[in-house]
Structure formats: structure tokens, C-alpha cells
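Below is input.pdb, which holds PDB, C-alpha atoms.
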MODEL        1
ATOM      1  CA  MET T  19      11.763   8.934  -7.927
ATOM      2  CA  TYR T  20      10.031   5.632  -8.519
ATOM      3  CA  ARG T  21      11.301   4.350 -11.814
ATOM      4  CA  ARG T  22       9.656   0.969 -12.045
ATOM      5  CA  ILE T  23       6.364   0.267 -10.370
ATOM      6  CA  LEU T  24       4.898  -3.189  -9.972
ATOM      7  CA  VAL T  25       1.130  -3.137 -10.419
ATOM      8  CA  PRO T  26      -0.529  -6.426  -9.513
ATOM      9  CA  THR T  27      -4.124  -6.884 -10.620
ATOM     10  CA  ASP T  28      -6.693  -9.620 -10.169
ATOM     11  CA  GLY T  29      -9.213  -8.110 -12.542
ATOM     12  CA  SER T  30     -11.609  -7.059  -9.781
ATOM     13  CA  GLU T  31     -13.369  -3.693  -9.842
ATOM     14  CA  ILE T  32     -11.380  -2.541  -6.856
ATOM     15  CA  SER T  33      -8.042  -3.542  -8.292
ATOM     16  CA  SER T  34      -8.848  -1.761 -11.549
ATOM     17  CA  VAL T  35      -9.418   1.480  -9.634
ATOM     18  CA  ALA T  36      -5.970   0.992  -8.072
ATOM     19  CA  VAL T  37      -4.505   0.293 -11.519
ATOM     20  CA  GLU T  38      -5.813   3.618 -12.825
ATOM     21  CA  ALA T  39      -4.255   5.401  -9.874
ATOM     22  CA  ALA T  40      -0.989   3.516 -10.355
ATOM     23  CA  ILE T  41      -0.775   4.549 -13.991
ATOM     24  CA  ALA T  42      -1.441   8.182 -13.101
ATOM     25  CA  PHE T  43       1.206   7.933 -10.413
ATOM     26  CA  ALA T  44       3.783   6.341 -12.753
ATOM     27  CA  ARG T  45       3.144   9.120 -15.228
ATOM     28  CA  ILE T  46       3.881  11.777 -12.623
ATOM     29  CA  CYS T  47       7.013   9.925 -11.534
ATOM     30  CA  GLY T  48       8.111   9.484 -15.123
ATOM     31  CA  GLY T  49       8.458   5.785 -14.433
ATOM     32  CA  ASP T  50       7.274   2.662 -16.166
ATOM     33  CA  ILE T  51       5.104  -0.110 -14.817
ATOM     34  CA  VAL T  52       5.213  -3.876 -14.710
ATOM     35  CA  ALA T  53       1.629  -5.154 -14.832
ATOM     36  CA  LEU T  54       1.274  -8.504 -13.110
ATOM     37  CA  SER T  55      -1.556 -10.976 -12.855
ATOM     38  CA  ILE T  56      -1.163 -14.319 -11.135
ATOM     39  CA  ALA T  57      -3.100 -17.342 -12.283
ATOM     40  CA  GLN T  58      -4.014 -19.112  -9.095
ATOM     41  CA  PRO T  59      -5.065 -22.751  -9.343
ATOM     42  CA  GLU T  60      -8.479 -23.327  -7.809
ATOM     43  CA  PRO T  61      -9.019 -26.469  -5.784
ATOM     44  CA  VAL T  62     -10.552 -28.950  -8.215
ATOM     45  CA  MET T  63     -14.035 -29.960  -7.168
ATOM     46  CA  LEU T  64     -14.418 -33.560  -6.170
ATOM     47  CA  THR T  65     -17.436 -34.205  -8.332
ATOM     48  CA  ALA T  66     -17.989 -35.935 -11.615
ATOM     49  CA  GLU T  67     -18.129 -32.549 -13.348
ATOM     50  CA  GLY T  68     -15.073 -31.357 -11.512
ATOM     51  CA  ALA T  69     -13.125 -34.373 -12.667
ATOM     52  CA  LEU T  70     -13.728 -33.301 -16.246
ATOM     53  CA  ALA T  71     -11.622 -30.217 -15.803
ATOM     54  CA  SER T  72      -8.136 -31.612 -15.865
ATOM     55  CA  GLY T  73      -5.369 -29.644 -14.184
ATOM     56  CA  GLU T  74      -3.762 -28.714 -17.461
ATOM     57  CA  PHE T  75      -6.938 -27.352 -18.961
ATOM     58  CA  GLN T  76      -7.401 -25.226 -15.879
ATOM     59  CA  VAL T  77      -3.885 -23.812 -16.088
ATOM     60  CA  ASP T  78      -4.433 -22.715 -19.680
ATOM     61  CA  VAL T  79      -7.737 -21.054 -18.886
ATOM     62  CA  LEU T  80      -6.373 -19.267 -15.834
ATOM     63  CA  LEU T  81      -3.239 -18.095 -17.609
ATOM     64  CA  GLU T  82      -5.354 -16.808 -20.476
ATOM     65  CA  GLN T  83      -7.484 -14.907 -17.978
ATOM     66  CA  ALA T  84      -4.372 -13.459 -16.357
ATOM     67  CA  ARG T  85      -3.030 -12.498 -19.763
ATOM     68  CA  ARG T  86      -6.239 -10.629 -20.588
ATOM     69  CA  GLN T  87      -6.044  -8.762 -17.295
ATOM     70  CA  VAL T  88      -2.487  -7.531 -17.839
ATOM     71  CA  ASP T  89      -3.272  -6.671 -21.445
ATOM     72  CA  ARG T  90      -6.050  -4.390 -20.230
ATOM     73  CA  VAL T  91      -3.573  -2.672 -17.924
ATOM     74  CA  ALA T  92      -1.074  -2.351 -20.769
ATOM     75  CA  GLU T  93      -3.722  -0.733 -22.960
ATOM     76  CA  ALA T  94      -4.635   1.771 -20.255
ATOM     77  CA  ALA T  95      -0.941   2.502 -19.698
ATOM     78  CA  ALA T  96      -0.400   3.028 -23.419
ATOM     79  CA  ARG T  97      -3.278   5.515 -23.482
ATOM     80  CA  ALA T  98      -1.549   7.437 -20.690
ATOM     81  CA  GLY T  99       1.818   7.237 -22.403
ATOM     82  CA  VAL T 100       3.323   5.086 -19.645
ATOM     83  CA  PRO T 101       5.608   2.220 -20.744
ATOM     84  CA  CYS T 102       4.268  -1.099 -19.455
ATOM     85  CA  THR T 103       5.626  -4.628 -19.347
ATOM     86  CA  PRO T 104       2.772  -7.136 -18.989
ATOM     87  CA  VAL T 105       3.748 -10.204 -16.963
ATOM     88  CA  THR T 106       1.738 -13.240 -15.909
ATOM     89  CA  GLY T 107       2.628 -15.811 -13.310
ATOM     90  CA  TYR T 108       1.215 -18.999 -11.911
ATOM     91  CA  GLY T 109       1.187 -20.081  -8.323
ATOM     92  CA  TYR T 110      -0.802 -20.987  -5.230
ATOM     93  CA  SER T 111       0.281 -17.874  -3.395
ATOM     94  CA  PRO T 112      -0.248 -14.686  -5.413
ATOM     95  CA  ALA T 113       1.488 -12.703  -2.654
ATOM     96  CA  ASP T 114       4.706 -14.715  -2.952
ATOM     97  CA  GLU T 115       4.596 -14.345  -6.728
ATOM     98  CA  ILE T 116       4.146 -10.591  -6.365
ATOM     99  CA  VAL T 117       7.104 -10.293  -3.990
ATOM    100  CA  GLU T 118       9.238 -12.449  -6.283
ATOM    101  CA  ALA T 119       8.222 -10.400  -9.337
ATOM    102  CA  ALA T 120       9.171  -7.174  -7.556
ATOM    103  CA  ARG T 121      12.664  -8.603  -7.064
ATOM    104  CA  ARG T 122      13.011 -10.164 -10.492
ATOM    105  CA  HIS T 123      11.949  -7.058 -12.357
ATOM    106  CA  GLY T 124      13.854  -4.646 -10.149
ATOM    107  CA  CYS T 125      10.758  -2.712  -9.138
ATOM    108  CA  ASP T 126      11.209   0.008  -6.539
ATOM    109  CA  LEU T 127       7.560   0.266  -5.546
ATOM    110  CA  VAL T 128       4.521  -1.986  -5.461
ATOM    111  CA  PHE T 129       1.221  -0.218  -6.017
ATOM    112  CA  MET T 130      -1.832  -2.308  -5.189
ATOM    113  CA  ALA T 131      -5.384  -2.258  -3.889
ATOM    114  CA  SER T 132      -6.064  -2.842  -0.209
ATOM    115  CA  HIS T 133      -7.977  -5.960  -1.129
ATOM    116  CA  GLY T 134      -9.051  -7.731  -4.266
ATOM    117  CA  ARG T 135     -11.445 -10.234  -5.638
ATOM    118  CA  ARG T 136     -11.314 -12.401  -2.545
ATOM    119  CA  GLY T 137     -11.395  -9.616  -0.006
ATOM    120  CA  LEU T 138     -14.397 -10.394   2.151
ATOM    121  CA  SER T 139     -14.321  -7.398   4.385
ATOM    122  CA  ARG T 140     -13.897  -3.779   3.512
ATOM    123  CA  LEU T 141     -12.489  -3.145   6.938
ATOM    124  CA  ILE T 142      -9.535  -5.472   6.780
ATOM    125  CA  ALA T 143      -6.726  -5.379   4.272
ATOM    126  CA  GLY T 144      -6.906  -8.472   2.097
ATOM    127  CA  SER T 145      -4.748 -11.473   2.858
ATOM    128  CA  VAL T 146      -2.742 -11.120  -0.347
ATOM    129  CA  THR T 147      -1.993  -7.477   0.390
ATOM    130  CA  GLN T 148      -1.107  -8.305   3.991
ATOM    131  CA  ARG T 149       1.396 -10.909   2.913
ATOM    132  CA  VAL T 150       2.935  -8.633   0.290
ATOM    133  CA  LEU T 151       3.305  -5.942   2.946
ATOM    134  CA  ALA T 152       5.061  -8.388   5.213
ATOM    135  CA  TYR T 153       7.584  -9.647   2.685
ATOM    136  CA  ALA T 154       8.028  -7.008  -0.022
ATOM    137  CA  PRO T 155      11.618  -5.758  -0.303
ATOM    138  CA  VAL T 156      10.394  -2.302  -1.406
ATOM    139  CA  PRO T 157       7.696   0.138  -0.275
ATOM    140  CA  VAL T 158       4.110  -0.848  -0.993
ATOM    141  CA  MET T 159       1.482   1.739  -1.782
ATOM    142  CA  VAL T 160      -1.809   0.359  -0.511
ATOM    143  CA  TYR T 161      -4.510   2.061  -2.450
ATOM    144  CA  ARG T 162      -7.934   1.974  -0.925
ATOM    145  CA  PRO T 163     -10.422   3.064  -3.526
ATOM    146  CA  HIS T 164     -13.238   5.208  -2.254
ATOM    147  CA  LEU T 165     -15.838   2.547  -1.946
ATOM    148  CA  ALA T 166     -18.768   4.822  -2.538
ATOM    149  CA  HIS T 167     -17.041   5.916  -5.692
ATOM    150  CA  ALA T 168     -16.411   2.343  -6.804
ATOM    151  CA  GLN T 169     -20.028   1.430  -6.197
ATOM    152  CA  GLU T 170     -21.205   4.480  -8.085
ATOM    153  CA  GLU T 171     -19.046   3.486 -10.989
ATOM    154  CA  GLN T 172     -20.617   0.063 -10.995
ATOM    155  CA  ALA T 173     -24.118   1.393 -10.718
ATOM    156  CA  ARG T 174     -23.714   4.193 -13.230
ATOM    157  CA  PRO T 175     -25.280   3.487 -16.606
ATOM    158  CA  PRO T 176     -23.088   3.875 -19.688
ATOM    159  CA  ALA T 177     -22.601   7.494 -20.734
ATOM    160  CA  PRO T 178     -25.370   8.652 -23.060
ATOM    161  CA  ALA T 179     -24.305   8.550 -26.678
ATOM    162  CA  GLY T 180     -23.217  11.861 -28.102
ATOM    163  CA  THR T 181     -22.153  13.560 -24.878
ATOM    164  CA  GLY T 182     -18.729  12.044 -24.380
ATOM    165  CA  ALA T 183     -17.159  12.217 -27.814
ATOM    166  CA  ALA T 184     -18.610  15.628 -28.641
ATOM    167  CA  GLY T 185     -16.769  17.410 -25.811
TER     168      GLY T 185
ATOM    169  CA  MET U  11      -0.972  13.565  -6.963
ATOM    170  CA  PHE U  12      -0.001  13.625  -3.279
ATOM    171  CA  LYS U  13       0.312  17.040  -1.722
ATOM    172  CA  ARG U  14       0.263  16.498   2.018
ATOM    173  CA  ILE U  15       1.816  13.418   3.504
ATOM    174  CA  LEU U  16       1.145  12.267   7.053
ATOM    175  CA  ILE U  17       4.102  10.591   8.759
ATOM    176  CA  PRO U  18       3.188   8.960  12.057
ATOM    177  CA  THR U  19       6.336   8.208  14.004
ATOM    178  CA  ASP U  20       6.956   6.409  17.276
ATOM    179  CA  GLY U  21      10.733   6.468  17.310
ATOM    180  CA  THR U  22      11.275   2.831  16.380
ATOM    181  CA  ALA U  23      13.779   1.943  13.660
ATOM    182  CA  ALA U  24      10.858   0.915  11.467
ATOM    183  CA  SER U  25       9.213   4.300  11.759
ATOM    184  CA  MET U  26      12.516   6.128  11.191
ATOM    185  CA  ALA U  27      12.912   4.250   7.902
ATOM    186  CA  ALA U  28       9.397   5.340   6.991
ATOM    187  CA  VAL U  29      10.204   8.974   7.826
ATOM    188  CA  ASP U  30      13.242   8.872   5.552
ATOM    189  CA  ALA U  31      11.257   7.318   2.709
ATOM    190  CA  ALA U  32       8.400   9.779   3.158
ATOM    191  CA  ILE U  33      10.713  12.796   3.116
ATOM    192  CA  ASP U  34      12.414  11.577  -0.078
ATOM    193  CA  PHE U  35       9.039  10.986  -1.603
ATOM    194  CA  ALA U  36       7.692  14.391  -0.564
ATOM    195  CA  HIS U  37      10.801  16.091  -1.850
ATOM    196  CA  ALA U  38      10.514  14.412  -5.243
ATOM    197  CA  SER U  39       6.807  15.042  -5.610
ATOM    198  CA  GLY U  40       6.721  18.591  -4.271
ATOM    199  CA  ALA U  41       4.564  17.679  -1.299
ATOM    200  CA  GLU U  42       4.661  18.891   2.274
ATOM    201  CA  VAL U  43       4.719  16.618   5.297
ATOM    202  CA  VAL U  44       2.862  16.424   8.586
ATOM    203  CA  GLY U  45       4.802  14.691  11.348
ATOM    204  CA  LEU U  46       2.566  13.058  13.938
ATOM    205  CA  HIS U  47       3.321  11.423  17.233
ATOM    206  CA  VAL U  48       0.575   9.760  19.209
ATOM    207  CA  THR U  49       1.168   9.445  22.935
ATOM    208  CA  PRO U  50      -0.839   6.699  24.589
ATOM    209  CA  LEU U  51      -3.248   7.895  27.264
ATOM    210  CA  ARG U  52      -2.368   5.009  29.503
ATOM    211  CA  PRO U  53       1.183   3.867  30.124
ATOM    212  CA  LEU U  54       1.895   1.382  27.394
ATOM    213  CA  PHE U  55       4.557  -1.190  26.965
ATOM    214  CA  SER U  56       7.046  -0.112  24.329
ATOM    215  CA  GLU U  57       9.100  -2.881  22.772
ATOM    216  CA  VAL U  58      12.149  -0.650  22.797
ATOM    217  CA  LEU U  59      11.931   1.200  26.055
ATOM    218  CA  GLY U  60       9.657  -0.816  28.308
ATOM    219  CA  VAL U  61       6.939   1.064  30.163
ATOM    220  CA  LEU U  62       7.140   4.782  29.569
ATOM    221  CA  THR U  63       6.445   7.381  32.209
ATOM    222  CA  ALA U  64       4.651  10.554  31.146
ATOM    223  CA  PRO U  65       7.788  12.745  30.978
ATOM    224  CA  GLU U  66       9.576  10.024  29.044
ATOM    225  CA  ALA U  67       6.686   9.788  26.625
ATOM    226  CA  GLU U  68       6.807  13.556  26.083
ATOM    227  CA  GLU U  69      10.521  13.367  25.482
ATOM    228  CA  THR U  70       9.982  10.579  22.933
ATOM    229  CA  ALA U  71       7.357  12.663  21.162
ATOM    230  CA  ARG U  72       9.726  15.633  20.999
ATOM    231  CA  GLU U  73      12.559  13.538  19.619
ATOM    232  CA  CYS U  74      10.372  11.840  17.031
ATOM    233  CA  LEU U  75       8.989  15.093  15.727
ATOM    234  CA  ALA U  76      12.377  16.833  15.869
ATOM    235  CA  TYR U  77      13.695  14.130  13.573
ATOM    236  CA  VAL U  78      10.903  14.774  11.056
ATOM    237  CA  GLU U  79      11.499  18.523  11.308
ATOM    238  CA  ARG U  80      15.254  18.153  10.792
ATOM    239  CA  ARG U  81      14.931  15.818   7.818
ATOM    240  CA  ALA U  82      12.276  18.032   6.217
ATOM    241  CA  ALA U  83      14.463  21.111   6.661
ATOM    242  CA  GLN U  84      17.410  19.297   5.075
ATOM    243  CA  ALA U  85      15.217  18.375   2.114
ATOM    244  CA  GLY U  86      13.832  21.894   1.920
ATOM    245  CA  ILE U  87      10.185  20.900   2.288
ATOM    246  CA  GLY U  88       7.447  22.254   4.504
ATOM    247  CA  ALA U  89       6.673  20.357   7.690
ATOM    248  CA  THR U  90       3.868  20.652  10.217
ATOM    249  CA  LEU U  91       4.207  18.828  13.526
ATOM    250  CA  SER U  92       1.383  17.444  15.579
ATOM    251  CA  THR U  93       1.048  15.502  18.815
ATOM    252  CA  ARG U  94      -2.044  13.671  19.949
ATOM    253  CA  ARG U  95      -3.001  11.688  22.991
ATOM    254  CA  ALA U  96      -5.160   8.669  22.412
ATOM    255  CA  ASP U  97      -5.783   5.124  23.519
ATOM    256  CA  SER U  98      -5.634   3.842  19.999
ATOM    257  CA  PRO U  99      -2.792   5.315  17.956
ATOM    258  CA  ALA U 100      -4.251   3.798  14.786
ATOM    259  CA  ASP U 101      -7.571   5.588  15.241
ATOM    260  CA  ALA U 102      -5.773   8.815  16.120
ATOM    261  CA  ILE U 103      -3.644   8.544  12.974
ATOM    262  CA  VAL U 104      -6.666   8.009  10.752
ATOM    263  CA  ALA U 105      -8.494  10.913  12.418
ATOM    264  CA  ALA U 106      -5.441  13.176  12.104
ATOM    265  CA  ALA U 107      -5.110  12.342   8.413
ATOM    266  CA  ARG U 108      -8.703  13.445   7.903
ATOM    267  CA  GLU U 109      -8.573  16.570  10.051
ATOM    268  CA  LEU U 110      -5.208  17.742   8.711
ATOM    269  CA  HIS U 111      -6.286  17.158   5.104
ATOM    270  CA  CYS U 112      -3.562  14.664   4.265
ATOM    271  CA  ASP U 113      -3.811  12.594   1.098
ATOM    272  CA  LEU U 114      -1.263   9.887   1.927
ATOM    273  CA  ILE U 115      -0.007   8.143   5.064
ATOM    274  CA  VAL U 116       3.495   6.647   5.118
ATOM    275  CA  MET U 117       4.243   4.027   7.775
ATOM    276  CA  GLY U 118       6.820   1.365   8.514
ATOM    277  CA  THR U 119       6.760  -2.351   9.124
ATOM    278  CA  ARG U 120       8.423  -3.904  12.126
ATOM    279  CA  GLY U 121      10.986  -5.790  10.198
ATOM    280  CA  ARG U 122      11.277  -9.256   8.845
ATOM    281  CA  GLY U 123      11.699 -12.781  10.012
ATOM    282  CA  GLN U 124       8.867 -13.027  12.500
ATOM    283  CA  ALA U 125       5.475 -14.587  12.072
ATOM    284  CA  SER U 126       3.780 -12.669   9.304
ATOM    285  CA  ALA U 127       0.889 -11.558  11.475
ATOM    286  CA  LEU U 128       3.362  -9.695  13.654
ATOM    287  CA  LEU U 129       5.387  -8.196  10.840
ATOM    288  CA  LEU U 130       3.193  -5.249  10.105
ATOM    289  CA  GLY U 131       2.700  -4.011  13.607
ATOM    290  CA  SER U 132      -0.734  -3.509  15.052
ATOM    291  CA  GLN U 133      -0.846   0.233  14.380
ATOM    292  CA  THR U 134      -0.061  -0.173  10.703
ATOM    293  CA  GLN U 135      -2.720  -2.902  10.569
ATOM    294  CA  GLY U 136      -5.235  -0.631  12.228
ATOM    295  CA  VAL U 137      -4.495   2.267   9.901
ATOM    296  CA  LEU U 138      -4.737   0.024   6.841
ATOM    297  CA  ALA U 139      -8.097  -1.165   8.005
ATOM    298  CA  HIS U 140      -9.635   2.237   8.577
ATOM    299  CA  SER U 141      -7.844   4.783   6.429
ATOM    300  CA  ALA U 142      -9.812   6.311   3.588
ATOM    301  CA  ILE U 143      -6.628   7.497   1.880
ATOM    302  CA  PRO U 144      -3.711   5.478   0.477
ATOM    303  CA  VAL U 145      -1.149   4.105   2.900
ATOM    304  CA  MET U 146       2.433   3.549   1.834
ATOM    305  CA  VAL U 147       4.110   0.832   3.872
ATOM    306  CA  VAL U 148       7.902   1.019   3.933
ATOM    307  CA  PRO U 149       9.970  -2.026   4.817
ATOM    308  CA  ARG U 150      12.580  -1.514   7.476
ATOM    309  CA  ALA U 151      15.288  -2.999   5.247
ATOM    310  CA  ARG U 152      15.133   0.081   3.070
ATOM    311  CA  GLY U 153      16.389   2.248   5.863
ATOM    312  CA  ALA U 154      18.725  -0.290   7.415
ATOM    313  CA  ALA U 155      20.490  -1.122   4.172
ATOM    314  CA  HIS U 156      21.853   2.372   3.685
TER     315      HIS U 156
ENDMDL
END

Encoded form (C-alpha cells):
Amino acid sequence: MYRRILVPTDGSEISSVAVEAAIAFARICGGDIVALSIAQPEPVMLTAEGALASGEFQVDVLLEQARRQVDRVAEAAARAGVPCTPVTGYGYSPADEIVEAARRHGCDLVFMASHGRRGLSRLIAGSVTQRVLAYAPVPVMVYRPHLAHAQEEQARPPAPAGTGAAG
Amino acid sequence: MFKRILIPTDGTAASMAAVDAAIDFAHASGAEVVGLHVTPLRPLFSEVLGVLTAPEAEETARECLAYVERRAAQAGIGATLSTRRADSPADAIVAAARELHCDLIVMGTRGRGQASALLLGSQTQGVLAHSAIPVMVVPRARGAAH
């Protein structure tokens, strides 16, 4: 049904829960995924220290970060046996980049978290998601991770040695 | 992954496109659907029909749900139909999803080319804000293009 699913990530805890769900979903559909992370330039601080970080340096660092994020998705996809194309982009509006990527890569579904790293409120869909919803040419699955679950995951200590691998 | 899909419908072109997408999706994934129409408690302005009287609102509800039933039958999938009366359709949709044990809500957008804040429609916004389960938002173009 859905053959190519765009999975944007910003590396946040909440978006990684959505990524897991997206991979599981792609597997059921028998589709592949395009993992996307957008490097978004931060406003450079107008301080002496801020001036040290030149624009170019920042671009490299942000793109590297984005690359690491999509690589993590690709690894998880590989573990699930789902083909994945990792893609990074650069732009001031992640939402516009996501919409453009959906077109460029011929995706027939976008699967993303209800909000990401910059989502301030749990009660309102994030601004990036809102904008994607408004302009995406294809259906968008807005995945709202169970917040209690996400918090548990964060709070949970690493699995005791010997219990996981033995089973 | 998704077994019971809630399809709120209000009879607009946007929601019809969402019904079509949801039925296709349910068919492909072996899910059943729950068609839901929420009738406002107070007369509300409808962008298509103007102010609805009570009998008109009932007629709209019947037509909306009949469409879901017909499309589900054509696709050979199970459909449950439900009508609710509420002041806030968004709240009613979220409550219905919980009470009817749905694991996905499929809704439409209003269309494109307006200010982005208006594109989603206030009910879709409200559902996105309060739903505990995933919401699939279907652009109107998908339905209109075919």
C-alpha cells in the first residue's frame, strides 16, 4: 500500500519513538523508507564567542549531526530488514524541506512525530508538523508517542547485564 | 499494526477524500473502520451549507455515514457507524476513538492555498492536540486528483 515512506527525524527522544513505529509500519507495508534529517542553521549569537563560529563551520557541524541522525535510522531499519535511503538537507524551514523531499523522492506517505525537539507543549502539534500537514502532497501519519511511555524509557536504567542476551 | 480505524466525516470534500484514503488503507492492512459523524449541539455555521437546521443536520449525518458504509462494503471490510452530539467535534472524536477502541484516526485537511493556520481546519487541529493515538492527515488533493 505505502511503498515509500518519508521519515523525518530531528534526533529527539520523541522523534525516535516515531521512527521505530515508522520502521515497523514500513515492514508491514512491505515498503522502504527515506530517512531525512534537516540541518537547520541557528541564529548566530551576537557575542565575541558567537563571532568565532563562522557560518561555514556551523553548516558542517549541523550537517554532520543530521548525517548521524539518519544513519541511526538506517541502522534500525537494517535491523528490521527495511530498505532505507538516508538523506540530509539544509534549510531554515525544516517543514519546507520535508515537503520538498516527499516530492523529490516520490514518497507516498510521511510518518512523523506530533512534535520534536522544539515542541514546547505536549498539547499542541509542533510548528514543523503543522506546516508539513498544511503543505504535504501526500498523507501524513502524525505519531504521538505515549508520553508516559517515552518518559519511562528515559527514566529506565539500562537493562541488567545477563538478562537481555540470555533470553 | 492498525486494526480499527476511526473516520470522522462531516461531508466536506476534504473529509470525503479522507474516507477514501482510510478505506483503501483499512482494506490493505486488514483493518475495520468506524465511521463517525458529530452533530453540533447548537446550530453551527457550515462553510458548505450555511446554518443547518436539526433535520438538515440529521440528514447530513445519514449521508456521511452512508458514504462510509457504501465504500466499506465495496472494499469488503467491516464498518461500524456512530453518531454523536457535542459542542466540540474534536473532543467528541477523541472521546469516541477511546471508547470505541480505535488505534488510528484518519482526517482530512481543508485544502490548499489559504493561510496555513486555516489549512488544517479547527477540528483536525483539535484532534491532533488531544488524541492519544496516531492521526493520519490526508490532503484533499489526493481525492480531487483522481

So what does the PyMOL selection byres ((chain U) within 7 of (chain T)) actually pick up in this one, as a list in words?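 Output of the PyMOL selection byres ((chain U) within 7 of (chain T)): Met11, Ala38, Ser126, Leu129, Leu130, Leu138, Ala139, His140, Ala142, Ile143, Pro144, Val145, Met146, Val147, Val148, Pro149 and Arg152 of chain U.
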
Neighbour residues at most 12 Å from (-5.0, -21.9, -18.2) (all atoms listed in the file) as an MDAnalysis selection string: chainID T and resid 56:60 71:86 106:109

From the list U:Ala64, U:Ala107, U:Ala31, U:Val44, which residue is nearest U:Leu91 when using all atoms listed in the file?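 Once distances to U:Leu91 are computed over all atoms listed in the file, the minimum belongs to U:Val44.
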
Non-local contacts of U:Ala76 (10 Å; all atoms listed in the file; under 5 positions in same chain excluded) as an MDAnalysis selection string: chainID U and resid 45 70:71 81:82 91

From U:Leu46, U:Ala23, U:Leu51, U:Ala28, residue lying nearest U:Glu79 [only C-alpha atoms]: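 The closest residue to U:Glu79 is U:Leu46.
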
Selection under test: the PyMOL selection byres ((chain U and resi 13) around 10); residues as a ChimeraX atom specification: /U:11-12,14-15,36,39-43,111-114

Residues matched by the PyMOL selection byres ((chain U and resi 49) around 12), written as an mmCIF file with C-alpha atoms, in the coordinates of the input:
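Output file selection-v9.cif follows:
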data_model
loop_
_atom_site.group_PDB
_atom_site.id
_atom_site.type_symbol
_atom_site.label_atom_id
_atom_site.label_comp_id
_atom_site.auth_asym_id
_atom_site.auth_seq_id
_atom_site.Cartn_x
_atom_site.Cartn_y
_atom_site.Cartn_z
ATOM 1 C CA PRO U 18 3.188 8.960 12.057
ATOM 2 C CA THR U 19 6.336 8.208 14.004
ATOM 3 C CA ASP U 20 6.956 6.409 17.276
ATOM 4 C CA GLY U 21 10.733 6.468 17.310
ATOM 5 C CA LEU U 46 2.566 13.058 13.938
ATOM 6 C CA HIS U 47 3.321 11.423 17.233
ATOM 7 C CA VAL U 48 0.575 9.760 19.209
ATOM 8 C CA PRO U 50 -0.839 6.699 24.589
ATOM 9 C CA LEU U 51 -3.248 7.895 27.264
ATOM 10 C CA ARG U 52 -2.368 5.009 29.503
ATOM 11 C CA PRO U 53 1.183 3.867 30.124
ATOM 12 C CA LEU U 54 1.895 1.382 27.394
ATOM 13 C CA PHE U 55 4.557 -1.190 26.965
ATOM 14 C CA SER U 56 7.046 -0.112 24.329
ATOM 15 C CA LEU U 62 7.140 4.782 29.569
ATOM 16 C CA THR U 63 6.445 7.381 32.209
ATOM 17 C CA ALA U 64 4.651 10.554 31.146
ATOM 18 C CA PRO U 65 7.788 12.745 30.978
ATOM 19 C CA GLU U 66 9.576 10.024 29.044
ATOM 20 C CA ALA U 67 6.686 9.788 26.625
ATOM 21 C CA GLU U 68 6.807 13.556 26.083
ATOM 22 C CA GLU U 69 10.521 13.367 25.482
ATOM 23 C CA THR U 70 9.982 10.579 22.933
ATOM 24 C CA ALA U 71 7.357 12.663 21.162
ATOM 25 C CA ARG U 72 9.726 15.633 20.999
ATOM 26 C CA CYS U 74 10.372 11.840 17.031
ATOM 27 C CA SER U 92 1.383 17.444 15.579
ATOM 28 C CA THR U 93 1.048 15.502 18.815
ATOM 29 C CA ARG U 94 -2.044 13.671 19.949
ATOM 30 C CA ARG U 95 -3.001 11.688 22.991
ATOM 31 C CA ALA U 96 -5.160 8.669 22.412
ATOM 32 C CA ASP U 97 -5.783 5.124 23.519
ATOM 33 C CA SER U 98 -5.634 3.842 19.999
ATOM 34 C CA PRO U 99 -2.792 5.315 17.956
ATOM 35 C CA ALA U 100 -4.251 3.798 14.786
ATOM 36 C CA ALA U 102 -5.773 8.815 16.120
ATOM 37 C CA ILE U 103 -3.644 8.544 12.974
#

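When atom CA of U:Ser141 is paired with atom CA of U:Ala105, their separation reads 8.6 Å.
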
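A straight line drawn from atom CA of T:Asp50 to atom CA of U:Ala89 is 29.7 Å long.
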
Find the spatial neighbours of stretch 87-99 of chain T, counting all atoms listed in the file, within a cut-off of 8 Å - ignore same-chain residues fewer than 6 positions away - and output them as a PyMOL selection string. chain T and resi 27-29+37-38+41-42+45+53-55+105-106
